[in-house]
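**Q** This is the structure I have questions about; it appears just below.
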Amino acid sequence: MTSAIRLSGVSRHYGAVKAVDNIDLDIAEGEFFAMLGPSGSGKTTTLRLIAGFERPTVGEIHIYGEVAQGIPPYKRPVNTVFQDYALFPHLNVRDNVAYGLMVAGVPKFARHRSANDALEMVALGAYGSRKPSELSGGQRQRVALARALVNNPKALLLDEPLGALDLKLREQMQEELKALQRSLGITFVFVTHDQGEALSMADRVAVFNEGRIVQIGTPEDIYYRPISPFVADFVGSSNVLPPKLVASLLGREVYGSLRPEAVYLSDQGHAALITSVSFLGAATRVSMAVSDVAMTMLLPKGATIPKVDDIVQVNWEASDLHLMFAP
Amino acid sequence: MKMQSAMLTSISDTLWRKPNLLILLLILPPALWLGIIYLGSLFALLAQSFFSIDEFSGVIQYELTLKTYGELFRPSNFDIIIRTVVMATAVTIGAAIIGFPVAYFAARYAQGKWKPIFYLGVMMPLWSSYLVKVYSWKLILAKEGILNWIFESLHLSWLLNAYLAIPVIGGYSLSVSATGTFLVFLYVWLPFMILPMQASLERVPHTMLEASGDLGARPYQTFRHVLLPLALPGVIAGSIFTFSLTLGDYIIPQIVGSSRRFIGQAVYAYQGTAGNIPLAAAFAVVPIILMAFYLWLAKRKGAFDAL
């Protein structure tokens, strides 16, 4: 596993604000890597540090083995898809895509051919002569993608690329991005605040909070074995059990996490007061209070659905209760 | 009292029910002003230029003719037009070159309290009288002026004298040279170039410049292929000001500069003492045609594509 991008002890401070605070990160070649976190958690700043738009206050960045701090963005072997796409409004779609080749001095005919190929790849072959303002949001997103890929970067950086798209388009683009990454075989570094997006697309996920990386792991790691209440709560609305409750069950005073789908109705177990019931289609989400702790469970189709204010018994397998030793 | 308020209510009800009537009432006064006072006088000017003057009696002959326009092409008159156009072009280019970094800095880096300080710094010169500024420049540029003194103190008088010895742009001192006229024009019209440029630069999103660098463009390529095209509408707007203001001005070349005349001075002279209104009108039409041609060219070259 060759290292594509490595950050060692990297911080970026703005005065007293620590946007990125002592981060270590090692992204492998050909990996689909997601940086997940709430807004202001430092994930976008980290991406900008890799692209070269920001300089680290301290720390070292290596891109494919080379020290990157002194290298300006235009010399780095990475390309970025911007959140607002940043398409040049005065150039048509083909010239936008060919821009990187144009500034590299590729002759007009050759660069137009490459641009057309790149546009074919994102299914916009017929749109070369249009202006970006004449395209829909999803089409612009594809143009930005083609423009970043036409330079054959070693790594593609994507800053919340699907954030501005509606749900249906977003799901479709998720699959296309994943397929594209697989066929190109290059490293994708993907910034998002949508945990579903990160879990479904990435090989590995780094969860950011307040300028630091809280946890790095595979989607399964992050989902089933969160190391702290923050990760458990942020990644898919896990039930966070306070130390007291865990102590009463297992005798250890640590936080525990329990996926909503691991909780089920049972003849014996813990008494739960139902507080709300929401029908989600494939499942029903039931919110309840267990020993004064707010919890949710997901009941599959066909299960008996309790009513609000009912008191029922719920239970879970001991192996599903995951203990979190980080604060 | 009650009747009055009832009347006002019925008026406002009527206006609410007929929004077109309201728009008409609002637009009528400015439309009349624009139509009659402004365009009317422009048309009168245009009409005058198609009359001619009897060379012996000096009486205006009210017959439509192109004879007066023909006179513009006489060497002495045509020189005035060429001189003015060259000066206006030089001032515009100079103002764009000096103004761009100022505008860029203001658009990109001036934040918070620095923004009003920038506006103040650019606009403050406009608050003082135009004549006072021009006369101060005459003093600065004069043989006994501060600029000459600086060159002397630095033992560089030979450089200034060598420059002044150059025909056309030189002269006895800077204050009576075409260079002096150029400097004063540049100073006086510079704010009109900076402000529109700053406005258009401010609308260029920063990610656009980052994207250009990210795709491999060196800083000068980003300037050439992204920043300049996107700022061009502002540069054109500014150049419309500097170009047309220079084309029409008659005071600056009168006070600072050689005795060679500019269009504005020619208009002033022909409509005044010479009493040749048709020729003055024909001269006045020249900047209008030049500006129309300039805008047409700018549009054709795609200067407004980024709008």
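By convention in this document, the chains of the structure tokens carry letters A, B, ... by their order, each chain's residues are numbered from 1, and ligands are numbered from 1 in the order they are shown.
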Which residues in region 86-314 of chain A does DSSP call strand (DSSP E)? List them as a count of residues only.

**A** 66

**Q** Write out as an mmCIF file with all heavy atoms, in the first residue's frame the residues lying within 9 Å of Met324 (chain A), counting only C-alpha atoms and excluding same-chain residues fewer than 4 positions away.

**A**
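Once everything was written out, this is result.cif:
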```cif
data_model
loop_
_atom_site.group_PDB
_atom_site.id
_atom_site.type_symbol
_atom_site.label_atom_id
_atom_site.label_comp_id
_atom_site.auth_asym_id
_atom_site.auth_seq_id
_atom_site.Cartn_x
_atom_site.Cartn_y
_atom_site.Cartn_z
ATOM 1 N N ARG A 225 -18.418 0.304 15.463
ATOM 2 C CA ARG A 225 -17.491 0.421 16.584
ATOM 3 C C ARG A 225 -17.009 1.851 16.753
ATOM 4 O O ARG A 225 -15.815 2.139 16.668
ATOM 5 C CB ARG A 225 -16.305 -0.533 16.367
ATOM 6 C CG ARG A 225 -16.703 -2.012 16.439
ATOM 7 C CD ARG A 225 -15.570 -2.947 16.091
ATOM 8 N NE ARG A 225 -15.247 -2.941 14.665
ATOM 9 C CZ ARG A 225 -15.970 -3.599 13.733
ATOM 10 N NH1 ARG A 225 -17.049 -4.281 14.071
ATOM 11 N NH2 ARG A 225 -15.624 -3.549 12.467
ATOM 12 N N PRO A 226 -17.929 2.798 16.977
ATOM 13 C CA PRO A 226 -17.508 4.187 17.202
ATOM 14 C C PRO A 226 -16.687 4.260 18.486
ATOM 15 O O PRO A 226 -16.943 3.514 19.428
ATOM 16 C CB PRO A 226 -18.827 4.941 17.343
ATOM 17 C CG PRO A 226 -19.812 3.914 17.783
ATOM 18 C CD PRO A 226 -19.377 2.633 17.148
ATOM 19 N N ILE A 227 -15.680 5.134 18.496
ATOM 20 C CA ILE A 227 -14.839 5.174 19.690
ATOM 21 C C ILE A 227 -15.300 6.216 20.698
ATOM 22 O O ILE A 227 -14.816 6.228 21.817
ATOM 23 C CB ILE A 227 -13.344 5.374 19.361
ATOM 24 C CG1 ILE A 227 -13.092 6.777 18.784
ATOM 25 C CG2 ILE A 227 -12.823 4.299 18.438
ATOM 26 C CD1 ILE A 227 -11.647 7.192 19.000
ATOM 27 N N SER A 228 -16.190 7.117 20.280
ATOM 28 C CA SER A 228 -16.623 8.131 21.246
ATOM 29 C C SER A 228 -18.105 8.439 21.027
ATOM 30 O O SER A 228 -18.661 8.154 19.964
ATOM 31 C CB SER A 228 -15.791 9.398 21.089
ATOM 32 O OG SER A 228 -16.193 10.097 19.931
ATOM 33 N N PRO A 229 -18.757 9.011 22.030
ATOM 34 C CA PRO A 229 -20.173 9.372 21.882
ATOM 35 C C PRO A 229 -20.407 10.292 20.691
ATOM 36 O O PRO A 229 -21.440 10.201 20.018
ATOM 37 C CB PRO A 229 -20.489 10.088 23.198
ATOM 38 C CG PRO A 229 -19.486 9.585 24.168
ATOM 39 C CD PRO A 229 -18.255 9.286 23.383
ATOM 40 N N ALA A 232 -20.553 8.140 17.568
ATOM 41 C CA ALA A 232 -21.775 7.325 17.610
ATOM 42 C C ALA A 232 -22.997 8.168 17.280
ATOM 43 O O ALA A 232 -23.887 7.746 16.544
ATOM 44 C CB ALA A 232 -21.921 6.712 18.996
ATOM 45 N N VAL A 254 -18.476 3.237 31.399
ATOM 46 C CA VAL A 254 -18.070 3.848 30.128
ATOM 47 C C VAL A 254 -19.330 4.092 29.291
ATOM 48 O O VAL A 254 -20.385 3.516 29.557
ATOM 49 C CB VAL A 254 -17.100 2.957 29.319
ATOM 50 C CG1 VAL A 254 -15.740 2.884 29.994
ATOM 51 C CG2 VAL A 254 -17.690 1.565 29.135
ATOM 52 N N TYR A 255 -19.164 4.974 28.272
ATOM 53 C CA TYR A 255 -20.275 5.180 27.343
ATOM 54 C C TYR A 255 -20.475 3.938 26.490
ATOM 55 O O TYR A 255 -19.511 3.255 26.140
ATOM 56 C CB TYR A 255 -19.983 6.362 26.419
ATOM 57 C CG TYR A 255 -20.283 7.709 27.034
ATOM 58 C CD1 TYR A 255 -19.261 8.506 27.545
ATOM 59 C CD2 TYR A 255 -21.593 8.181 27.086
ATOM 60 C CE1 TYR A 255 -19.532 9.740 28.102
ATOM 61 C CE2 TYR A 255 -21.874 9.418 27.634
ATOM 62 C CZ TYR A 255 -20.846 10.196 28.148
ATOM 63 O OH TYR A 255 -21.133 11.404 28.687
ATOM 64 N N GLY A 256 -21.720 3.664 26.167
ATOM 65 C CA GLY A 256 -21.998 2.557 25.273
ATOM 66 C C GLY A 256 -22.784 3.050 24.069
ATOM 67 O O GLY A 256 -23.443 4.086 24.137
ATOM 68 N N SER A 257 -22.664 2.363 22.931
ATOM 69 C CA SER A 257 -23.492 2.744 21.786
ATOM 70 C C SER A 257 -24.263 1.527 21.290
ATOM 71 O O SER A 257 -23.772 0.389 21.349
ATOM 72 C CB SER A 257 -22.628 3.340 20.671
ATOM 73 O OG SER A 257 -22.409 2.416 19.632
#
```

**Q** Could you pull the residues within 7 Å of region 108-119 of chain A, counting only C-alpha atoms, minus those fewer than 2 positions along the same chain, as JSON, numbers by chain?

**A** {"A": [94, 97, 98, 101, 102, 106, 121, 122, 123, 124, 125, 146, 150]}

**Q** Could you name the residues that touch Pro73 (chain A) at 8 Å or less, counting only C-alpha atoms, but leaving out those on the same chain fewer than 5 positions away, as a list in words?

**A**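 Returned residues: Ala51, Gly52 and Phe53 of chain A; Gly213, Asp214 and Gly216 of chain B.
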
**Q** Take the selection from the previous step and output its residues with all heavy atoms, as a compact mmCIF listing (two decimals), in the first residue's frame.

**A**
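Here's the written file selection28.txt:
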```
# COMPACT_ATOMS: atom_id res chain seq x y z
N ALA A 51 -4.69 20.64 -1.34
CA ALA A 51 -4.70 21.27 -2.67
C ALA A 51 -3.64 22.36 -2.77
O ALA A 51 -3.17 22.67 -3.86
CB ALA A 51 -6.08 21.85 -2.97
N GLY A 52 -3.28 22.96 -1.63
CA GLY A 52 -2.27 24.02 -1.64
C GLY A 52 -2.83 25.42 -1.54
O GLY A 52 -2.10 26.38 -1.70
N PHE A 53 -4.15 25.56 -1.30
CA PHE A 53 -4.73 26.90 -1.16
C PHE A 53 -4.44 27.49 0.21
O PHE A 53 -4.57 28.69 0.43
CB PHE A 53 -6.24 26.89 -1.39
CG PHE A 53 -6.64 26.25 -2.68
CD1 PHE A 53 -7.66 25.33 -2.73
CD2 PHE A 53 -5.98 26.58 -3.86
CE1 PHE A 53 -8.01 24.73 -3.92
CE2 PHE A 53 -6.33 25.99 -5.05
CZ PHE A 53 -7.35 25.06 -5.08
N GLY B 213 -5.65 28.11 -10.66
CA GLY B 213 -4.36 27.65 -10.16
C GLY B 213 -4.34 26.15 -9.99
O GLY B 213 -3.37 25.47 -10.34
N ASP B 214 -5.46 25.63 -9.50
CA ASP B 214 -5.57 24.19 -9.27
C ASP B 214 -5.40 23.41 -10.56
O ASP B 214 -4.86 22.31 -10.58
CB ASP B 214 -6.94 23.90 -8.65
CG ASP B 214 -7.08 22.45 -8.23
OD1 ASP B 214 -6.45 22.07 -7.24
OD2 ASP B 214 -7.80 21.70 -8.92
N GLY B 216 -3.55 24.16 -12.94
CA GLY B 216 -2.20 24.24 -13.46
C GLY B 216 -1.79 25.60 -14.02
O GLY B 216 -0.69 25.73 -14.55
```

**Q** Which residues of chain A are close to chain B, meaning at most 9 Å apart when you count only C-alpha atoms, and how do they look as a ChimeraX atom specification?

**A** /A:51-53,72-76,78-82,84-91,99-104,147-148,151

**Q** Looking at only C-alpha atoms, which of A:Glu220, A:Glu120, A:Glu197, A:Glu66 is the one that sits closest to Leu177 (chain A)?

**A**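 Once distances to Leu177 (chain A) are computed over only C-alpha atoms, the minimum belongs to A:Glu197.
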
**Q** So which residues touch region 70-75 of chain B within 9 Å, counting only C-alpha atoms, skipping near sequence neighbours fewer than 4 positions away, as a PyMOL selection string?

**A** chain B and resi 66+79-81+279+282-283

**Q** Could you save the residues just selected, with C-alpha atoms, as a CSV table (one decimal), in the first residue's frame?

**A**
```csv
chain,number,residue,atom,x,y,z
B,66,LEU,CA,-22.3,67.5,-45.5
B,79,ASP,CA,-4.9,66.9,-36.6
B,80,ILE,CA,-7.0,68.0,-33.7
B,81,ILE,CA,-9.2,64.9,-33.9
B,279,LEU,CA,-18.4,73.3,-37.3
B,282,ALA,CA,-19.7,68.7,-36.2
B,283,PHE,CA,-16.7,68.6,-33.9
```

**Q** If we count only C-alpha atoms and set the cut-off at 12 Å, which residues sit around Glu202 (chain B), ignoring sequence neighbours fewer than 5 positions away in its own chain? Please answer as a list in words.

**A**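 Residues near the query, excluding close chain neighbours: Ala103, Tyr104, Phe105, Ala106, Ala107, Arg108, Tyr109, Ala110, Gln111, Lys115, Ile194, Leu195, Pro196, Met197, Leu227, Leu230, Ala231 and Gly234 of chain B.
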
**Q** Quick one: pick out all alpha helix (DSSP H) residues within region 52-109 of chain B from a backbone DSSP run and write them as JSON, numbers by chain.

**A** {"B": [67, 68, 69, 70, 71, 72, 75, 76, 77, 78, 79, 80, 81, 82, 83, 84, 85, 86, 87, 88, 89, 90, 91, 92, 93, 94, 95, 96, 97, 98, 99, 100, 101, 102, 103, 104, 105, 106, 107, 108]}
